[in-house]
Every structure is written in C-alpha cells, then in structure tokens.
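To keep things clear, I will list the structure first and then write my remarks on it.
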Amino acid sequence: VNSPRIAVVGANGYGAHHRRALAPLVNDRTVDLAALCDLAPIGDEPDAPVPPGTAVFTNHRAMIDNIRPDVVIVATPPHTHHDIAADAMRRGADVLVEKPPVMSMVEHESLCSIADDTGRACQVGFQALGSPALAKLGAAIGSGILGSITGIWSYGAWQRPDSYYARAPWAGKRTLNGRPVLDGALVNPFAHSLMQCFAVAEACADRGVIDEVELTLFRARDIEADDTAAVRVRLASGLTIVVAVTLCADEIADPVVVVDGEHGQAKHSYKSDGLRLPADTHPHVLPGRVNLLTNLLAHRQARNDIVLLGDLRRTAAFTQVAEACLGHAPVRRIDPDRLANVGSGAERLVTIPGITAMLRDAASHLLLPDLTTLSRSSR
Ligand SMILES: NC(=O)c1ccc[n+]([C@@H]2O[C@H](COP(=O)([O-])OP(=O)(O)OC[C@H]3O[C@@H](n4cnc5c(N)ncnc54)[C@H](O)[C@@H]3O)[C@@H](O)[C@H]2O)c1
C-alpha cells in the first residue's frame with residue numbers, strides 16, 4: 001500500500017511546525033511529503049529538511065493539479081483558508097486547515113457543502129480537541145459526577161511583545177485588503193479556549209445552537225483587533241459559556257476551562273492536557289494526546305469507525321462568535337494612562353495592571369468583565 005501523499009500550503013511560519021511534525025512520519029514512511037507551497041522561499045528547518053523528491057510551488061492550484069496530493073495541510077493566514085481548502089477538496093484531497101478555519105458563516109457553510117458534495121474530510125487544527133483530558137472530562141460530565149452543568153468558563157492571560165505584531169501583515173488586524181482576518185485575542189491566540197468550551201458543551205448534550213452572543217472587545221495596543229476581550233454565549237440548551245482573555249497580562253495565567261456543576265467543579269488546562277475532577281486532590285496530566293493529522297489519516301482508512309476530532313462541522317459555533325466579533329462596533333481603546341510598558345525595543349510588553357484578576361473574577365461568575373472602567377470616555 002502506498003503511503004498517503006501530503007502537501008503543505010503555507011510552508012513557513014506555523015507551516016514549519018507542521019513540517020517538523022511530519023519529519024518522523026516521512027522518515028518511517030507513514031507518509032510521503034509530496035510537495036510544499038509558499039509565496040515566499042521555503043525557509044530552512046534543521047529538524048525538517050525538505051526531503052529529496054519533494055516538489056516546491058508558489059501557487060497552490062498548480063501544486064494540487066500537478067501533484068494530486070491525498071491530504072493538503074493549509075497553514076496560510078486565515079483569510080486564505082476557505083479558497084485553498086475548497087480547491088483542495090474539489091480536486092480530491094482531504095484537508096487539515098489551521099484554526100481559525102474560516103471568517104464567516106457563509107464560508108463555513110460553503111466549505112461544509114463542498115466536504116459533503118465531494119465526500120472529503122475537512123479537519124480543523126484545533127489540536128486541543130485531541131486532548132485525552134477533554135475526553136475524560138466529557139465522560140465525567142456524562143457519568144453525572146458533576147451533577148447538572150451550570151456554566152462553562154475559561155480565562156487566559158498572556159503577554160505578547162511588539163515583535164508579535166510585526167510578524168505578519170495580518171497581525172493584530174481585523175481586515176487585510178478588504179478581507180476579514182480577525183487576528184483578535186479571542187479568535188486567534190485564544191481560539192482553543194473558545195473551541196474547547198464548545199466541545200465541553202457538546203459533552204453536555206448541547207447541539208451548539210447559539211441564542212445570544214455578547215462581546216466586550218478592547219485593545220491596549222495601537223492595533224485594530226482586540227487584545228483584551230470577553231464573550232458570553234447563551235446556548236439554546238440553556239448553558240452559558242464565558243471566555244475572557246488578554247494578551248496584556250499583568251500576571252500570566254495559562255488558559256483553563258472550568259466546568260461548574262451542581263455537585264462540583266472540573267478544571268481542564270488544555271495546553272498541558274491537565275484535568276482536575278471534583279474528587280482529585282490535584283490536577284492530573286493525561287498522556288496520549290491524539291494528533292489531528294494522525295486522526296485524519298486514520299479517518300481516511302476507516303471513515304465510519306474513526307471520528308474526525310476536529311471536523312469542520314464541529315466548529316460552527318466558533319465561527320459564529322468570530323463573525324460576531326467582526327460585526328462588532330470598533331474595538332474600544334483602553335486609556336493609555338491605565339497601561340504599563342515593560343522592557344523596550346521589539347520585546348517591549350504592554351500590560352494592564354489588575355487585568356488577570358479582573359478577567360478571572362468576571363468569568364468565574366459567568367459575567368463579562370466591565371472593561372469600560374478602563375477606557376478614557378468613562379472617566
Ligand atoms: N494550531 C495552532 O495552535 C496555531 C498556532 C499558530 C498559528 N496557527 C495558524 O496557522 C495559520 C498560519 O499562521 P502563520 O502565523 O504561520 O501565518 P503567516 O502569515 O506567517 O503565513 C504562513 C505562510 O503562508 C504563506 N502564504 C500566505 N498566503 C499564501 C498563499 N496564498 N499560498 C501559499 N502560501 C501562502 C506565507 O508566505 C507564510 O510563509 C493561521 O491560520 C494561524 O492562526 C495555528
């Protein structure tokens with residue numbers, strides 16, 4: 001049996017991470033790296049040298065037509081995902097597309113129908129969906145040990161230096177050349193928080209139908225998109241989800257997803273596959289994260305038996321929130337007098353004193369933080 005032939009579009013940037021992940025699979029012939037495509041020259045990756053025989057292209061359509069790959073990994077900027085994934089599926093390839101998958105519900109519906117019509121799989125790179133901690137949390141919710149679920153909330157507080165916003169033309173933007181890119185804290189760096197909350201809601205038998213989305217979007221930096229933001233989603237099932245995040249942390253807090261039930265609380269740290277259930281004295285790190293490319297390859301072999309963990313269809317509620325962010329009134333500016341600058345040059349940080357506690361406190365009460373207290377117009 002021939003190894004599946006993989007191609008990567010967007011081979012630099014985060015695509016280099018995919019190339020590094022592919023390298024051992026290429027070495028043991030689990031896959032064949034058939035082609036790489038990027039608008040820019042392919043950068044050197046000491047841990048993932050371009051294998052001899054791997055073709056290099058600058059145009060993804062030319063690549064797909066020439067190479068006819070079995071699987072296309074799409075690791076280009078968000079506004080290009082829809083068209084590249086659509087072209088790949090229409091030409092017979094299964095797709096692993098990076099998060100955020102698409103920028104609107106129109107694009108979401110379009111890709112879902114192309115997947116339906118062509119019978120191709122479209123996996124979205126929400127890698128935390130492969131976390132064994134999420135699976136165990138879902139099983140715990142199903143077993144009833146938390147009692148009925150009263151809310152799902154997440155907060156996360158990171159710091160990003162000036163260089164982060166200089167890394168790509170779409171960094172910190174809401175649109176680029178008239179197209180939505182939405183590099184906001186909620187939809188991009190903390191995309192996994194939001195998606196993980198919807199995945200937990202699924203475990204509560206929620207069908208992902210949204211009744212209401214309330215947003216508060218702020219920016220401490222001179223960017224278009226939010227760097228400090230929160231969303232409160234009311235699902236038709238009655239569940240409430242709150243996600244509150246910042247890239248201007250005064251106190252760094254890796255994102256955590258908390259499930260409140262009438263009999264206790266569960267905490268899931270998706271980055272580290274951590275889980276603490278009510279009876280646990282401390283959090284446990286669960287081994288065995290399922291890699292989403294491996295999951296996609298297994299699904300190709302046995303479509304009916306292996307569930308596609310990051311199936312595009314699972315991401316509708318996520319994209320509805322992304323769309324709401326784009327339709328939201330301009331992101332409000334936090335009063336510069338409320339900010340602290342740390343360091344200088346490309347590594348300068350902008351922090352908001354008190355923000356981490358404020359986000360954690362609001363989210364834990366299933367409320368949006370009142371960030372208007374930080375904006376100039378409110379003084
Ligand atoms: N899963 C994760 O945790 C994770 C982490 C980081 C980034 N990402 C996602 O990965 C994607 C890429 O992010 P990035 O920071 O690497 O972006 P980037 O702007 O650095 O782009 C990556 C590469 O794509 C190339 N490219 C752009 N348009 C192209 C086109 N039409 N055809 C071929 N190549 C093209 C660029 O030249 C660049 O080398 C984004 O969707 C991002 O959100 C996911």
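Labels used: A, B, ... for chains in the order of the structure tokens, numbers from 1 for residues in each chain, and numbers from 1 for ligands as shown.
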Against ligand 1, which residues of chain A fall within 8 Å? For each one I want the closest pair of atoms and the distance in Å (one decimal), counting only C-alpha atoms and all ligand atoms, rows by chain and increasing residue number, as JSON lines.
```
{"residue": "A:Val9", "atom": "CA", "partner": "ligand 1", "partner_atom_place_in_ligand_line": "33 (C)", "distance": 5.2}
{"residue": "A:Gly10", "atom": "CA", "partner": "ligand 1", "partner_atom_place_in_ligand_line": "24 (O)", "distance": 3.4}
{"residue": "A:Ala11", "atom": "CA", "partner": "ligand 1", "partner_atom_place_in_ligand_line": "23 (C)", "distance": 5.7}
{"residue": "A:Asn12", "atom": "CA", "partner": "ligand 1", "partner_atom_place_in_ligand_line": "39 (O)", "distance": 3.9}
{"residue": "A:Gly13", "atom": "CA", "partner": "ligand 1", "partner_atom_place_in_ligand_line": "16 (O)", "distance": 3.4}
{"residue": "A:Tyr14", "atom": "CA", "partner": "ligand 1", "partner_atom_place_in_ligand_line": "16 (O)", "distance": 3.6}
{"residue": "A:Gly15", "atom": "CA", "partner": "ligand 1", "partner_atom_place_in_ligand_line": "16 (O)", "distance": 5.8}
{"residue": "A:Ala16", "atom": "CA", "partner": "ligand 1", "partner_atom_place_in_ligand_line": "16 (O)", "distance": 7.9}
{"residue": "A:Cys37", "atom": "CA", "partner": "ligand 1", "partner_atom_place_in_ligand_line": "33 (C)", "distance": 5.4}
{"residue": "A:Asp38", "atom": "CA", "partner": "ligand 1", "partner_atom_place_in_ligand_line": "34 (N)", "distance": 3.5}
{"residue": "A:Leu39", "atom": "CA", "partner": "ligand 1", "partner_atom_place_in_ligand_line": "34 (N)", "distance": 4.6}
{"residue": "A:Ala40", "atom": "CA", "partner": "ligand 1", "partner_atom_place_in_ligand_line": "37 (O)", "distance": 4.8}
{"residue": "A:Pro41", "atom": "CA", "partner": "ligand 1", "partner_atom_place_in_ligand_line": "39 (O)", "distance": 8.0}
{"residue": "A:Ile42", "atom": "CA", "partner": "ligand 1", "partner_atom_place_in_ligand_line": "39 (O)", "distance": 7.6}
{"residue": "A:Thr58", "atom": "CA", "partner": "ligand 1", "partner_atom_place_in_ligand_line": "33 (C)", "distance": 6.1}
{"residue": "A:Asn59", "atom": "CA", "partner": "ligand 1", "partner_atom_place_in_ligand_line": "32 (N)", "distance": 5.9}
{"residue": "A:His60", "atom": "CA", "partner": "ligand 1", "partner_atom_place_in_ligand_line": "32 (N)", "distance": 5.8}
{"residue": "A:Val74", "atom": "CA", "partner": "ligand 1", "partner_atom_place_in_ligand_line": "11 (C)", "distance": 7.6}
{"residue": "A:Ala75", "atom": "CA", "partner": "ligand 1", "partner_atom_place_in_ligand_line": "11 (C)", "distance": 4.4}
{"residue": "A:Thr76", "atom": "CA", "partner": "ligand 1", "partner_atom_place_in_ligand_line": "24 (O)", "distance": 3.9}
{"residue": "A:Pro77", "atom": "CA", "partner": "ligand 1", "partner_atom_place_in_ligand_line": "40 (C)", "distance": 4.5}
{"residue": "A:Pro78", "atom": "CA", "partner": "ligand 1", "partner_atom_place_in_ligand_line": "41 (O)", "distance": 4.4}
{"residue": "A:Thr80", "atom": "CA", "partner": "ligand 1", "partner_atom_place_in_ligand_line": "31 (N)", "distance": 6.0}
{"residue": "A:His81", "atom": "CA", "partner": "ligand 1", "partner_atom_place_in_ligand_line": "41 (O)", "distance": 7.5}
{"residue": "A:Ile84", "atom": "CA", "partner": "ligand 1", "partner_atom_place_in_ligand_line": "31 (N)", "distance": 7.5}
{"residue": "A:Val97", "atom": "CA", "partner": "ligand 1", "partner_atom_place_in_ligand_line": "41 (O)", "distance": 7.8}
{"residue": "A:Glu98", "atom": "CA", "partner": "ligand 1", "partner_atom_place_in_ligand_line": "41 (O)", "distance": 4.9}
{"residue": "A:Lys99", "atom": "CA", "partner": "ligand 1", "partner_atom_place_in_ligand_line": "41 (O)", "distance": 5.1}
{"residue": "A:Pro100", "atom": "CA", "partner": "ligand 1", "partner_atom_place_in_ligand_line": "43 (O)", "distance": 5.7}
{"residue": "A:Pro101", "atom": "CA", "partner": "ligand 1", "partner_atom_place_in_ligand_line": "41 (O)", "distance": 7.1}
{"residue": "A:Gly125", "atom": "CA", "partner": "ligand 1", "partner_atom_place_in_ligand_line": "1 (N)", "distance": 5.1}
{"residue": "A:Phe126", "atom": "CA", "partner": "ligand 1", "partner_atom_place_in_ligand_line": "1 (N)", "distance": 5.7}
{"residue": "A:Gln127", "atom": "CA", "partner": "ligand 1", "partner_atom_place_in_ligand_line": "1 (N)", "distance": 6.1}
{"residue": "A:Arg167", "atom": "CA", "partner": "ligand 1", "partner_atom_place_in_ligand_line": "20 (O)", "distance": 7.0}
{"residue": "A:Ala168", "atom": "CA", "partner": "ligand 1", "partner_atom_place_in_ligand_line": "19 (O)", "distance": 4.8}
{"residue": "A:Pro169", "atom": "CA", "partner": "ligand 1", "partner_atom_place_in_ligand_line": "19 (O)", "distance": 6.7}
{"residue": "A:Trp170", "atom": "CA", "partner": "ligand 1", "partner_atom_place_in_ligand_line": "19 (O)", "distance": 6.7}
{"residue": "A:Ala171", "atom": "CA", "partner": "ligand 1", "partner_atom_place_in_ligand_line": "19 (O)", "distance": 7.9}
{"residue": "A:Asp183", "atom": "CA", "partner": "ligand 1", "partner_atom_place_in_ligand_line": "43 (O)", "distance": 7.9}
{"residue": "A:Asn188", "atom": "CA", "partner": "ligand 1", "partner_atom_place_in_ligand_line": "43 (O)", "distance": 5.7}
{"residue": "A:Pro189", "atom": "CA", "partner": "ligand 1", "partner_atom_place_in_ligand_line": "5 (C)", "distance": 7.3}
{"residue": "A:His192", "atom": "CA", "partner": "ligand 1", "partner_atom_place_in_ligand_line": "3 (O)", "distance": 7.6}
```
Residues near Val31 in chain A, cut-off 9 Å, only C-alpha atoms, skip fewer than 3 positions along chain, as an mmCIF file with N, CA and C atoms, in the first residue's frame:
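So selection_35.cif came out as:
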```
data_model
loop_
_atom_site.group_PDB
_atom_site.id
_atom_site.type_symbol
_atom_site.label_atom_id
_atom_site.label_comp_id
_atom_site.auth_asym_id
_atom_site.auth_seq_id
_atom_site.Cartn_x
_atom_site.Cartn_y
_atom_site.Cartn_z
ATOM 1 N N ASN A 2 0.569 2.195 -0.891
ATOM 2 C CA ASN A 2 1.364 3.418 -0.931
ATOM 3 C C ASN A 2 1.042 4.301 0.269
ATOM 4 N N SER A 3 2.075 5.023 0.757
ATOM 5 C CA SER A 3 1.844 5.964 1.853
ATOM 6 C C SER A 3 1.020 7.135 1.323
ATOM 7 N N PRO A 4 0.146 7.713 2.179
ATOM 8 C CA PRO A 4 -0.593 8.889 1.732
ATOM 9 C C PRO A 4 0.354 10.037 1.387
ATOM 10 N N ARG A 5 0.026 10.731 0.326
ATOM 11 C CA ARG A 5 0.885 11.818 -0.165
ATOM 12 C C ARG A 5 0.367 13.136 0.380
ATOM 13 N N ILE A 6 1.239 13.793 1.183
ATOM 14 C CA ILE A 6 0.838 15.005 1.898
ATOM 15 C C ILE A 6 1.457 16.222 1.217
ATOM 16 N N LEU A 22 5.797 16.395 10.607
ATOM 17 C CA LEU A 22 5.767 15.402 9.526
ATOM 18 C C LEU A 22 7.085 14.631 9.412
ATOM 19 N N LEU A 25 7.277 11.060 10.438
ATOM 20 C CA LEU A 25 6.340 10.244 9.653
ATOM 21 C C LEU A 25 6.879 10.002 8.243
ATOM 22 N N VAL A 26 7.644 10.997 7.740
ATOM 23 C CA VAL A 26 8.282 10.829 6.427
ATOM 24 C C VAL A 26 9.406 9.803 6.561
ATOM 25 N N ASN A 27 10.171 9.933 7.654
ATOM 26 C CA ASN A 27 11.309 9.027 7.866
ATOM 27 C C ASN A 27 10.875 7.581 7.963
ATOM 28 N N ASP A 28 9.743 7.334 8.668
ATOM 29 C CA ASP A 28 9.326 5.922 8.793
ATOM 30 C C ASP A 28 8.311 5.535 7.705
ATOM 31 N N ALA A 34 4.856 15.080 -0.426
ATOM 32 C CA ALA A 34 4.895 15.197 -1.889
ATOM 33 C C ALA A 34 5.238 16.599 -2.348
#
```
If we count only C-alpha atoms, what is near Arg376 in chain A at a cut-off of 12 Å, once residues fewer than 2 positions away on the same chain are taken out, given as number ranges by chain?
A: 218, 220, 332-339, 371-374, 378-379
What does the file look like for those residues with N, CA and C atoms, as a tab-separated table (two decimals), in the first residue's frame?
```
chain	number	residue	atom	x	y	z
A	218	PHE	N	-11.70	45.03	23.58
A	218	PHE	CA	-10.86	46.19	23.87
A	218	PHE	C	-9.45	45.96	23.35
A	220	ALA	N	-5.43	47.43	24.21
A	220	ALA	CA	-4.50	48.29	24.92
A	220	ALA	C	-3.50	48.85	23.92
A	332	ARG	N	-12.77	49.03	21.36
A	332	ARG	CA	-12.51	50.25	22.14
A	332	ARG	C	-11.10	50.27	22.70
A	333	ARG	N	-10.60	51.48	22.85
A	333	ARG	CA	-9.22	51.69	23.30
A	333	ARG	C	-9.17	51.79	24.81
A	334	ILE	N	-8.25	51.10	25.42
A	334	ILE	CA	-8.03	51.26	26.86
A	334	ILE	C	-7.19	52.52	27.08
A	335	ASP	N	-7.55	53.27	28.07
A	335	ASP	CA	-6.85	54.52	28.40
A	335	ASP	C	-5.35	54.26	28.55
A	336	PRO	N	-4.51	54.91	27.73
A	336	PRO	CA	-3.06	54.68	27.84
A	336	PRO	C	-2.53	54.94	29.26
A	337	ASP	N	-3.21	55.80	30.01
A	337	ASP	CA	-2.76	56.06	31.39
A	337	ASP	C	-2.96	54.84	32.29
A	338	ARG	N	-3.78	53.90	31.84
A	338	ARG	CA	-4.02	52.70	32.64
A	338	ARG	C	-3.03	51.58	32.35
A	339	LEU	N	-2.10	51.83	31.41
A	339	LEU	CA	-1.22	50.75	30.93
A	339	LEU	C	0.18	50.89	31.51
A	371	LEU	N	-14.94	46.21	31.24
A	371	LEU	CA	-13.70	46.84	30.78
A	371	LEU	C	-13.90	48.33	30.49
A	372	THR	N	-15.15	48.77	30.46
A	372	THR	CA	-15.38	50.21	30.20
A	372	THR	C	-14.73	51.05	31.31
A	373	THR	N	-14.53	50.46	32.49
A	373	THR	CA	-13.89	51.22	33.57
A	373	THR	C	-12.44	51.56	33.21
A	374	LEU	N	-11.89	50.86	32.19
A	374	LEU	CA	-10.50	51.11	31.79
A	374	LEU	C	-10.39	52.08	30.60
A	378	SER	N	-15.00	56.79	29.99
A	378	SER	CA	-15.82	56.51	31.17
A	378	SER	C	-15.36	57.34	32.38
A	379	ARG	N	-14.23	58.08	32.20
A	379	ARG	CA	-13.73	58.80	33.38
A	379	ARG	C	-14.34	60.20	33.46
```
Of the candidates A:Leu349, A:Met103, A:Arg300, A:Pro287, which one gets nearest to Gly274 in chain A if we count only C-alpha atoms?
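Counting only C-alpha atoms, the residue closest to Gly274 in chain A is A:Pro287.
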As a ChimeraX atom specification, which residues of range 94-316 of chain A does DSSP assign to helix (DSSP H, G or I)?
/A:105-118,127-130,132-143,162-165,191-203,292-301,312-316
When you count only C-alpha atoms, which of these residues is closest to Asp44 in chain A: A:Arg29, A:His299, A:Arg20, A:Arg160?
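Answer, going by the shortest atom-to-atom distance: A:Arg20.
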Would you mind writing down, as a PyMOL selection string, each residue of range 216-350 of chain A that DSSP on the backbone assigns to strand (DSSP E or B)?
chain A and resi 216-219+228-235+240-246+248-261+264-269+274-276+284-285+311+332-333+340-342+349-350
Write out as an MDAnalysis selection string which residues come within 10 Å of Pro132 in chain A when counting only C-alpha atoms, dropping same-chain ones fewer than 4 positions away.
chainID A and resid 128 136:138 270 273:275 285:290
